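Source file: start_18.cif (mmCIF, C-alpha atoms)
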data_query
loop_
_atom_site.label_atom_id
_atom_site.label_comp_id
_atom_site.auth_asym_id
_atom_site.auth_seq_id
_atom_site.Cartn_x
_atom_site.Cartn_y
_atom_site.Cartn_z
CA MET A 141 -54.94 20.98 -10.31
CA ASN A 142 -56.64 17.92 -8.90
CA PRO A 143 -55.30 16.80 -5.48
CA VAL A 144 -54.98 13.29 -6.97
CA ASN A 145 -51.65 14.54 -8.30
CA TYR A 146 -50.24 14.10 -4.80
CA LEU A 147 -50.95 10.37 -5.18
CA TYR A 148 -49.15 10.29 -8.52
CA LEU A 149 -46.15 12.01 -6.94
CA ALA A 150 -46.20 9.48 -4.08
CA ALA A 151 -46.27 6.60 -6.59
CA LEU A 152 -43.38 8.13 -8.52
CA LEU A 153 -41.25 8.61 -5.40
CA PHE A 154 -42.04 5.06 -4.24
CA THR A 155 -40.98 3.69 -7.62
CA ILE A 156 -37.72 5.65 -7.55
CA GLY A 157 -37.02 4.32 -4.06
CA ALA A 158 -37.75 0.73 -5.09
CA ALA A 159 -35.50 1.01 -8.13
CA GLY A 160 -32.78 2.45 -5.90
CA VAL A 161 -32.98 -0.52 -3.52
CA LEU A 162 -32.46 -2.84 -6.49
CA ILE A 163 -29.72 -0.82 -8.17
CA ARG A 164 -27.48 0.46 -5.40
CA ARG A 165 -24.90 -1.63 -3.63
CA ASN A 166 -23.89 0.58 -0.71
CA ALA A 167 -25.91 -0.53 2.32
CA ILE A 168 -26.40 3.05 3.55
CA VAL A 169 -27.79 4.22 0.22
CA VAL A 170 -30.08 1.18 0.05
CA PHE A 171 -31.33 2.17 3.47
CA MET A 172 -31.93 5.75 2.33
CA CYS A 173 -34.00 4.41 -0.57
CA VAL A 174 -36.13 2.46 1.92
CA GLU A 175 -36.68 5.73 3.79
CA LEU A 176 -37.73 7.37 0.54
CA MET A 177 -40.32 4.64 0.00
CA LEU A 178 -41.66 5.12 3.54
CA ASN A 179 -41.93 8.85 2.92
CA ALA A 180 -43.80 8.29 -0.33
CA CYS A 181 -46.30 6.10 1.55
CA ASN A 182 -46.72 8.83 4.14
CA LEU A 183 -47.53 11.34 1.43
CA ALA A 184 -50.16 8.97 0.04
CA PHE A 185 -51.65 8.54 3.53
CA VAL A 186 -51.86 12.29 4.04
CA ALA A 187 -53.45 12.79 0.61
CA PHE A 188 -56.01 10.06 1.33
CA SER A 189 -56.71 11.61 4.73
CA ARG A 190 -57.56 14.85 2.93
CA MET A 191 -59.67 12.95 0.43
CA HIS A 192 -61.78 11.14 3.01
CA GLY A 193 -61.95 14.07 5.38
CA ASN A 194 -60.83 12.28 8.54
CA LEU A 195 -57.59 12.19 10.48
CA ASP A 196 -57.02 8.42 10.59
CA GLY A 197 -54.63 8.56 7.65
CA GLN A 198 -52.49 11.11 9.45
CA ILE A 199 -52.38 8.89 12.54
CA ILE A 200 -51.10 5.99 10.40
CA ALA A 201 -48.49 8.29 8.83
CA PHE A 202 -47.45 9.35 12.33
CA PHE A 203 -47.00 5.73 13.40
CA THR A 204 -45.03 5.08 10.21
CA MET A 205 -42.64 7.85 11.21
CA VAL A 206 -42.14 6.30 14.65
CA VAL A 207 -41.49 2.87 13.17
CA ALA A 208 -39.11 4.41 10.61
CA ALA A 209 -37.14 6.08 13.41
CA ALA A 210 -36.82 2.79 15.30
CA GLU A 211 -35.90 0.96 12.11
CA VAL A 212 -33.20 3.48 11.21
CA VAL A 213 -31.61 3.20 14.64
CA VAL A 214 -31.35 -0.58 14.50
CA GLY A 215 -30.47 -0.72 10.81
CA LEU A 216 -27.65 1.79 11.08
CA ALA A 217 -26.32 -0.07 14.12
CA ILE A 218 -26.23 -3.24 12.02
CA ILE A 219 -24.44 -1.39 9.20
CA VAL A 220 -21.86 0.00 11.63
CA SER A 221 -21.13 -3.44 13.10
CA LEU A 222 -20.98 -4.87 9.57
CA PHE A 223 -18.49 -2.18 8.59
CA ARG A 224 -16.41 -2.92 11.65
CA SER A 225 -16.05 -6.59 10.83
CA ARG A 226 -15.79 -6.32 7.03
CA HIS A 227 -14.34 -2.84 6.46
CA SER A 228 -16.90 -2.26 3.74
CA ALA A 229 -20.53 -1.18 3.59
CA SER A 230 -21.27 -3.01 0.37
CA VAL A 231 -24.18 -5.42 0.50
CA ASP A 232 -22.33 -7.77 -1.86
CA ASP A 233 -19.53 -8.34 0.61
CA ALA A 234 -21.84 -9.71 3.29
CA SER A 235 -22.47 -12.90 1.38
CA LEU A 236 -21.47 -15.30 4.16
CA MET A 237 -23.48 -15.95 7.30
CA LYS A 238 -20.50 -15.66 9.62
CA LEU A 239 -19.29 -12.12 9.99
CA MET B 439 -59.36 25.84 4.86
CA ASN B 440 -62.11 25.87 2.25
CA THR B 441 -59.61 25.21 -0.49
CA LEU B 442 -58.79 21.87 1.13
CA ALA B 443 -62.32 20.67 0.40
CA ALA B 444 -62.53 21.37 -3.30
CA SER B 445 -61.77 18.83 -5.99
CA VAL B 446 -59.64 21.46 -7.67
CA THR B 447 -56.95 23.20 -5.67
CA SER B 448 -56.17 26.89 -5.71
CA THR B 449 -53.73 28.21 -8.29
CA GLY B 450 -51.18 28.92 -5.59
CA GLU B 451 -51.20 25.33 -4.43
CA ALA B 452 -50.97 24.10 -8.02
CA VAL B 453 -47.92 26.27 -8.69
CA GLN B 454 -46.36 25.09 -5.42
CA PHE B 455 -47.07 21.48 -6.32
CA TRP B 456 -45.56 21.62 -9.79
CA VAL B 457 -42.45 23.55 -8.75
CA LEU B 458 -41.70 21.64 -5.54
CA GLY B 459 -42.85 18.30 -6.94
CA THR B 460 -40.33 18.60 -9.75
CA ILE B 461 -37.57 19.37 -7.27
CA ALA B 462 -38.66 16.43 -5.08
CA VAL B 463 -38.47 14.00 -7.98
CA ILE B 464 -35.08 15.38 -9.03
CA GLY B 465 -33.87 15.00 -5.43
CA ALA B 466 -35.11 11.41 -5.31
CA LEU B 467 -33.38 10.62 -8.60
CA CYS B 468 -30.16 12.22 -7.34
CA THR B 469 -30.44 10.05 -4.20
CA ILE B 470 -30.19 6.88 -6.23
CA LEU B 471 -27.83 8.18 -8.92
CA MET B 472 -25.18 10.04 -6.89
CA LYS B 473 -22.02 8.05 -6.52
CA ARG B 474 -21.14 9.19 -3.01
CA ALA B 475 -23.32 8.46 0.00
CA VAL B 476 -23.03 12.01 1.41
CA HIS B 477 -24.50 13.52 -1.74
CA SER B 478 -27.30 10.96 -1.67
CA ALA B 479 -28.08 11.84 1.95
CA LEU B 480 -28.20 15.57 1.21
CA CYS B 481 -30.48 15.07 -1.81
CA LEU B 482 -32.78 12.89 0.27
CA ALA B 483 -32.90 15.55 3.01
CA GLY B 484 -34.04 18.09 0.40
CA THR B 485 -36.77 15.75 -0.84
CA MET B 486 -37.97 15.21 2.73
CA ILE B 487 -38.20 18.95 3.42
CA ILE B 488 -40.33 19.34 0.28
CA LEU B 489 -42.56 16.50 1.46
CA ALA B 490 -42.99 18.38 4.75
CA VAL B 491 -44.24 21.40 2.77
CA PHE B 492 -46.70 19.11 0.97
CA TYR B 493 -48.00 17.80 4.30
CA LEU B 494 -48.61 21.37 5.41
CA ALA B 495 -50.38 22.11 2.12
CA ASN B 496 -52.60 19.08 2.65
CA GLY B 497 -53.74 20.30 6.06
CA ALA B 498 -51.54 17.91 8.07
CA TYR B 499 -49.93 20.68 10.12
CA PHE B 500 -48.64 18.44 12.90
CA LEU B 501 -47.14 15.90 10.51
CA GLY B 502 -45.44 18.63 8.50
CA VAL B 503 -43.56 19.85 11.54
CA VAL B 504 -42.84 16.32 12.77
CA GLN B 505 -41.48 15.46 9.33
CA ILE B 506 -38.92 18.25 9.56
CA VAL B 507 -38.00 17.56 13.18
CA VAL B 508 -37.87 13.75 13.03
CA TYR B 509 -36.90 12.99 9.45
CA THR B 510 -34.61 15.77 8.32
CA GLY B 511 -33.54 16.66 11.85
CA ALA B 512 -32.90 13.28 13.45
CA ILE B 513 -32.95 10.49 10.89
CA MET B 514 -30.98 12.17 8.12
CA MET B 515 -28.40 13.48 10.59
CA LEU B 516 -28.03 9.93 11.93
CA PHE B 517 -27.44 8.82 8.35
CA LEU B 518 -24.79 11.51 7.93
CA PHE B 519 -23.08 10.43 11.15
CA VAL B 520 -22.88 6.85 9.93
CA VAL B 521 -21.64 8.00 6.51
CA MET B 522 -18.86 9.88 8.31
CA LEU B 523 -18.04 6.80 10.38
CA VAL B 524 -17.93 4.55 7.35
CA GLY B 525 -15.93 6.98 5.25
CA VAL B 526 -17.13 10.02 3.36
CA THR B 527 -15.24 9.57 0.15
CA ALA B 528 -15.69 5.82 -0.10
CA ALA B 529 -17.60 5.65 -3.37
CA ASP B 530 -19.86 2.84 -4.45
CA SER B 531 -18.17 0.28 -6.65
CA LEU B 532 -19.62 0.24 -10.15
CA LYS B 533 -18.63 -3.36 -10.81
CA GLU B 534 -21.69 -5.53 -11.37
CA THR B 535 -21.66 -8.90 -9.63
CA LEU B 536 -24.75 -10.07 -11.49
CA LYS B 537 -24.55 -9.39 -15.19
CA GLY B 538 -27.09 -6.86 -16.43
CA GLN B 539 -28.59 -6.47 -12.97
CA ARG B 540 -28.74 -2.69 -13.17
CA TRP B 541 -30.75 -2.64 -16.39
CA LEU B 542 -33.06 -5.38 -15.19
CA ALA B 543 -33.64 -3.47 -11.98
CA ALA B 544 -34.35 -0.25 -13.89
CA ALA B 545 -36.79 -2.13 -16.14
CA CYS B 546 -38.50 -3.65 -13.09
CA GLY B 547 -38.78 -0.21 -11.52
CA LEU B 548 -40.24 1.25 -14.70
CA GLY B 549 -42.82 -1.52 -15.01
CA PHE B 550 -43.74 -1.24 -11.35
CA GLY B 551 -44.15 2.51 -11.67
CA ILE B 552 -46.37 2.17 -14.73
CA LEU B 553 -48.52 -0.36 -12.86
CA LEU B 554 -48.86 1.89 -9.80
CA ILE B 555 -49.67 5.02 -11.76
CA ALA B 556 -52.10 3.20 -14.03
CA GLY B 557 -53.79 1.81 -10.92
CA ILE B 558 -54.23 5.27 -9.44
CA GLY B 559 -55.42 6.56 -12.80
CA ASN B 560 -58.12 3.87 -12.97
CA ALA B 561 -59.36 4.38 -9.41
CA SER B 562 -62.32 6.69 -9.01
CA LEU B 563 -60.80 9.47 -6.95
CA LYS B 564 -63.10 12.29 -7.93
CA ASN B 565 -64.08 14.40 -4.97
CA PHE B 566 -61.91 15.41 -2.07
CA ASN B 567 -63.86 16.00 1.12
CA GLY B 568 -61.11 18.11 2.64
CA LEU B 569 -59.91 18.26 6.20
CA GLY B 570 -61.70 21.46 7.18
CA ALA B 571 -64.40 19.75 9.25
CA ALA B 572 -62.07 17.10 10.71
CA ASN B 573 -59.45 19.67 11.71
CA SER B 574 -61.94 22.04 13.35
CA ALA B 575 -63.94 19.32 15.15
CA HIS B 576 -61.68 19.40 18.21
CA GLY B 577 -60.35 22.89 17.72
CA GLY B 578 -57.36 22.15 15.49
CA ASN B 579 -55.20 19.59 13.74
CA VAL B 580 -53.07 18.74 16.79
CA GLU B 581 -56.11 18.46 19.07
CA GLY B 582 -57.86 16.22 16.55
CA LEU B 583 -54.82 13.92 16.30
CA ALA B 584 -54.48 13.83 20.09
CA ALA B 585 -58.14 12.89 20.48
CA LEU B 586 -57.63 9.96 18.10
CA ILE B 587 -54.28 8.81 19.53
CA PHE B 588 -55.50 8.71 23.11
CA THR B 589 -58.82 7.04 22.40
CA LYS B 590 -59.04 4.90 19.28
CA TYR B 591 -55.33 4.23 18.81
CA VAL B 592 -54.20 4.24 22.44
CA PHE B 593 -53.12 0.60 22.37
CA ALA B 594 -51.00 1.08 19.24
CA PHE B 595 -49.54 4.20 20.81
CA GLU B 596 -48.41 2.31 23.90
CA ILE B 597 -46.92 -0.49 21.82
CA THR B 598 -44.99 2.22 19.98
CA GLY B 599 -43.34 3.13 23.27
CA ALA B 600 -42.24 -0.48 23.76
CA LEU B 601 -40.93 -0.53 20.19
CA LEU B 602 -38.84 2.60 20.72
CA ILE B 603 -37.30 1.25 23.91
CA THR B 604 -36.52 -2.05 22.19
CA ALA B 605 -34.90 -0.19 19.30
CA ALA B 606 -32.74 1.89 21.64
CA VAL B 607 -31.59 -1.18 23.57
CA GLY B 608 -31.03 -3.07 20.32
CA ALA B 609 -28.85 -0.32 18.90
CA MET B 610 -26.76 -0.28 22.06
CA VAL B 611 -26.36 -4.07 22.03
CA LEU B 612 -25.41 -4.12 18.36
CA THR B 613 -22.82 -1.35 18.46
CA HIS B 614 -21.36 -2.02 21.90
CA ARG B 615 -18.25 -4.16 21.81
CA GLU B 616 -17.30 -5.98 24.97
CA ARG B 617 -13.55 -6.03 25.57
CA THR B 618 -12.74 -9.70 25.90
CA GLU B 619 -9.10 -9.27 26.84
CA ARG B 620 -7.11 -6.69 28.76
CA ALA B 621 -5.67 -3.85 26.71
CA LYS B 622 -1.90 -4.20 26.29
CA THR B 623 0.21 -1.73 28.15
CA GLN B 624 2.87 0.33 26.45
CA ARG B 625 5.61 -1.81 27.96
CA GLU B 626 4.05 -5.03 26.65
CA LEU B 627 3.64 -3.50 23.20
CA SER B 628 7.30 -2.48 23.06
CA GLU B 629 8.39 -5.93 24.25
CA GLN B 630 6.21 -7.49 21.55
CA ARG B 631 7.83 -5.28 18.91
CA VAL B 632 11.30 -6.36 20.01
CA ARG B 633 10.27 -10.01 20.02
CA GLU B 634 8.82 -9.81 16.51
CA GLY B 635 11.85 -7.91 15.31
CA LYS B 636 10.07 -6.31 12.33
CA HIS B 637 9.53 -2.67 13.27
CA LEU B 638 11.54 -1.73 16.31
CA PRO B 639 11.10 2.05 15.99
CA PRO B 640 7.66 3.63 15.62
CA LEU B 641 6.12 3.57 12.14
CA PRO B 642 7.42 6.24 9.77
CA ALA B 643 5.49 9.48 9.49
CA PRO B 644 3.41 10.35 6.42
CA GLY B 645 4.48 13.02 4.02
CA VAL B 646 8.21 12.65 4.64
CA TYR B 647 10.15 13.66 1.50
CA ALA B 648 6.84 14.20 -0.28
CA ARG B 649 5.77 17.68 -1.31
CA HIS B 650 2.90 17.80 1.21
CA ASN B 651 2.69 16.92 4.88
CA ALA B 652 -0.98 15.88 5.00
CA VAL B 653 -1.74 12.59 6.77
CA ASP B 654 -3.26 10.94 3.71
CA ILE B 655 -0.15 11.34 1.57
CA ALA B 656 2.32 8.51 1.76
CA GLY B 657 5.91 9.33 2.58
CA LEU B 658 8.43 8.67 -0.18
CA LEU B 659 11.17 6.11 0.02
CA PRO B 660 14.67 7.17 -1.11
CA ASP B 661 13.99 5.86 -4.62
CA GLY B 662 10.85 8.00 -4.92
CA THR B 663 8.21 5.29 -4.52
CA PRO B 664 5.45 5.98 -1.94
CA SER B 665 5.45 3.78 1.17
CA GLU B 666 1.95 2.74 2.24
CA LEU B 667 3.26 1.91 5.70
CA THR B 668 3.43 5.61 6.53
CA VAL B 669 -0.32 6.14 6.23
CA ASN B 670 -2.77 5.43 9.03
CA LYS B 671 -4.35 1.95 8.84
CA THR B 672 -7.90 3.33 8.67
CA LEU B 673 -7.07 5.43 5.61
CA ARG B 674 -5.27 2.47 4.05
CA ASP B 675 -8.34 0.27 4.52
CA ARG B 676 -10.58 2.82 2.89
CA GLY B 677 -8.16 3.30 0.01
CA GLN B 678 -7.88 7.02 0.70
CA ILE B 679 -4.15 7.38 0.13
CA ARG B 680 -3.30 10.29 -2.14
CA ASP B 681 -0.29 9.83 -4.37
CA VAL B 682 1.59 13.01 -5.19
CA SER B 683 4.92 11.42 -6.06
CA THR B 684 4.54 12.22 -9.76
CA GLU B 685 3.46 15.81 -9.14
CA ALA B 686 6.97 17.23 -8.86
CA LEU B 687 8.06 15.64 -12.13
CA ASP B 688 4.89 16.84 -13.83
CA ASP B 689 5.51 20.38 -12.60
CA LEU B 690 9.06 20.26 -13.89
CA LYS B 691 7.87 18.95 -17.22
CA ALA B 692 5.31 21.74 -17.52
CA LEU B 693 7.95 24.32 -16.62
CA GLU B 694 10.33 22.97 -19.22
CA GLN B 695 7.61 22.97 -21.84
CA ARG B 696 6.67 26.55 -21.03
CA SER B 697 10.25 27.76 -21.16
CA GLU B 698 10.80 25.87 -24.40
CA GLU B 699 7.75 27.51 -25.92
CA ARG B 700 8.98 30.93 -24.90
CA LEU B 701 12.50 30.29 -26.08
CA GLY B 702 11.19 28.84 -29.32
CA ARG B 703 9.03 31.87 -29.91
CA ASP B 704 11.98 34.11 -29.17
CA LYS B 705 14.07 32.10 -31.60
CA ASP B 706 11.42 32.48 -34.31
CA ALA B 707 11.25 36.21 -33.68
CA ARG B 708 15.03 36.46 -33.83
CA ASP B 709 15.11 34.52 -37.09
CA ARG B 710 12.48 36.83 -38.53
CA ASP B 711 14.44 39.91 -37.39
CA GLY B 712 17.59 38.46 -38.92
CA GLN B 713 15.87 37.86 -42.26
CA GLU B 714 14.46 41.39 -42.28
CA ALA B 715 17.89 42.79 -41.54
CA LYS B 716 19.40 40.80 -44.42
CA ARG B 717 16.83 42.26 -46.73
#

What does this structure look like when you write it as C-alpha cells?
Amino acid sequence: MNPVNYLYLAALLFTIGAAGVLIRRNAIVVFMCVELMLNACNLAFVAFSRMHGNLDGQIIAFFTMVVAAAEVVVGLAIIVSLFRSRHSASVDDASLMKL
Amino acid sequence: MNTLAASVTSTGEAVQFWVLGTIAVIGALCTILMKRAVHSALCLAGTMIILAVFYLANGAYFLGVVQIVVYTGAIMMLFLFVVMLVGVTAADSLKETLKGQRWLAAACGLGFGILLIAGIGNASLKNFNGLGAANSAHGGNVEGLAALIFTKYVFAFEITGALLITAAVGAMVLTHRERTERAKTQRELSEQRVREGKHLPPLPAPGVYARHNAVDIAGLLPDGTPSELTVNKTLRDRGQIRDVSTEALDDLKALEQRSEERLGRDKDARDRDGQEAKR
C-alpha cells in the first residue's frame, strides 16, 4: 500500500463532513461535521509530515487541535444560549437577528 | 521506524489501513445519516479514535495520544453534555425548508469529493521520506515537537494561550445569565396564583389514572383523554410526552381476540366431534 492512501482517506472524510454541514439541520450535528472536517485536515497534515520527513506538519495539526478545542467551547456555548431562547437547536429556526 | 520511510508500507500497516479506514468512513457516514444527535456523536467518537490510531501509524506518537485525550476525551464529551442539555431524544426534523436542498447538497458533496480525490491523484506524491530521521534528531517525537514549538513556533504557541483564555471567558459570558429581577418568594407566587384565579392548587401530577406513573406520561382526565398540563414544561417543550391512553383498550382488544380464537377453535373441534359421533 502506498501511504498516499492516507490522503485519499482524508479527502473522503472531509467530503463527508462538508456534505453533512450542508445536509443536516440540527446545529449540534452541523458542528460535529465541522469537527470531522478539521480531523480530516489533521490526518492530511500528519501524512504530509511523514512524506516530507519533518515535524512542521505535526505542529500545524497540534495547533489545529487547540483551535478546535477553543472553537467547540464557544460554539457549544452559543448553541446552548440559542436553545435557551428558542427551545430548539435547529439552524432553520434562528432565521431572525433578534433572539 | 524504517517502514515509515518506504514508499510502500508494510503488509501489517496496509491491513490496518484498509480495515480501520473502512470503519472510519462508515462512522463518518453514520455521523451525518443518524437521526439522533447522540448516535451521531458516538459514531464520530469512533471515527476519531481510528484517526488516532492512524496518527500513531504515521509516526506522530504525540498527536495520536493528544487526539484521544483532547478530541474523544474532552471535545466529544462536551458534545454529549450539550446533547443531554438540549434533549437526547429530540430528533432532527426531516421537513425540507428549501425544496430539493438535500439532493443538491449531496450532489455538491459528491462533485467536491471527486475534485479533491482527482487533485490528489494528479499530484506527484511518489516517495515518502519518512519520519525516522526527524523523530530521532532530538531523541524522540515529543522532544522534536517541543524543540519546534519553543523555537520556531514560540510566538504562535503564546498566542494560542491567549486564544484559550479568550475562549474560556467567552463561553462563560455566553452561557451565564444575569438575574435581572429578584426571584419571587413562595408567598408571592401563591398570592399571584390567587390573583390570577386559574390554578389555585398545585398542578396535577403526571400518570394519574394512567397505567404508568412515569413523569413523561400525561395523567388522564375522567373522560380518558390525556392532560398535557400534568407533564413538566421542559418535556412538553421537547415534545417528549408519551401517550399510553390507548394501551389499555388495545390490550383488552388483543385479549378478546385471543379468547375468541381459542373459543372458535374449541367450537370447531366440538363440531367435528359431533359430526364424527353422528357418523

**Request:** Please identify all polymer residues within 8 Å of A:Val144, counting all atoms listed in the file, omitting same-chain residues fewer than 2 positions from it, and present them as a VMD selection string.
**Result:** (chain A and resid 142 146 to 148 187) or (chain B and resid 563)

**Request:** Could you check how far atom CA of B:Thr668 sits from atom CA of B:Leu690, in Å to one decimal?
**Result:** 25.8 Å

**Nearest-residue call for B:Leu489, choices A:Val206, A:Leu178, A:Arg164, A:Ile218, using all atoms listed in the file** = A:Leu178

**Request:** Just the residues within 9 Å of stretch 582-597 of chain B, please, counting only C-alpha atoms, with nothing from its chain fewer than 2 positions along; format it as a PyMOL selection string.
**Result:** (chain A and resi 195-196+198-199+203) or (chain B and resi 500+572-580+599-602)

**Answer as a ChimeraX atom specification, residues within 8 Å of (-50.0, 17.9, -5.3) using only C-alpha atoms** = /A:141-147,149 /B:451-452,455-456,459,492

**Message:** Report as a PyMOL selection string all protein, DNA and RNA residues lying within 10 Å of A:Phe171, evaluated on only C-alpha atoms, omitting residues in the same chain fewer than 3 positions from it.
**Reply:** (chain A and resi 157+160-161+164+166-168+174-177+211-212+215-216+219) or (chain B and resi 517)

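Applied to this file, the PyMOL selection byres ((chain A and resi 222-238) around 10) selects the residues A:Arg164, A:Arg165, A:Asn166, A:Ala167, A:Ile168, A:Val169, A:Val170, A:Leu216, A:Ala217, A:Ile218, A:Ile219, A:Val220, A:Ser221, A:Leu239, B:Val521, B:Leu523, B:Val524, B:Gly525, B:Ala528, B:Asp530, B:Ser531, B:Glu534, B:Thr535, B:Leu612, B:Thr613, B:Thr672, B:Asp675, B:Arg676.
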
**Message:** Counting all atoms listed in the file, which residue out of B:Val446, B:Leu542, B:Ile679, B:Leu516 sits closest to chain A?
**Reply:**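 Of B:Val446, B:Leu542, B:Ile679, B:Leu516, the one nearest chain A is B:Val446, counting all atoms listed in the file.
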
**Message:** I'd like the contact shell of A:Cys181 - 9 Å cut-off, only C-alpha atoms, skipping same-chain residues fewer than 3 positions apart - returned as a PyMOL selection string.
**Reply:** chain A and resi 150-151+153-154+176-178+184-186+201+204

**Request:** Find the residue from B:Ala479, B:Val508, B:Cys468, B:Ile488 that sits nearest to A:Ala209; use all atoms listed in the file when measuring.
**Result:**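 Comparing B:Ala479, B:Val508, B:Cys468, B:Ile488 against A:Ala209, the winner is B:Val508.
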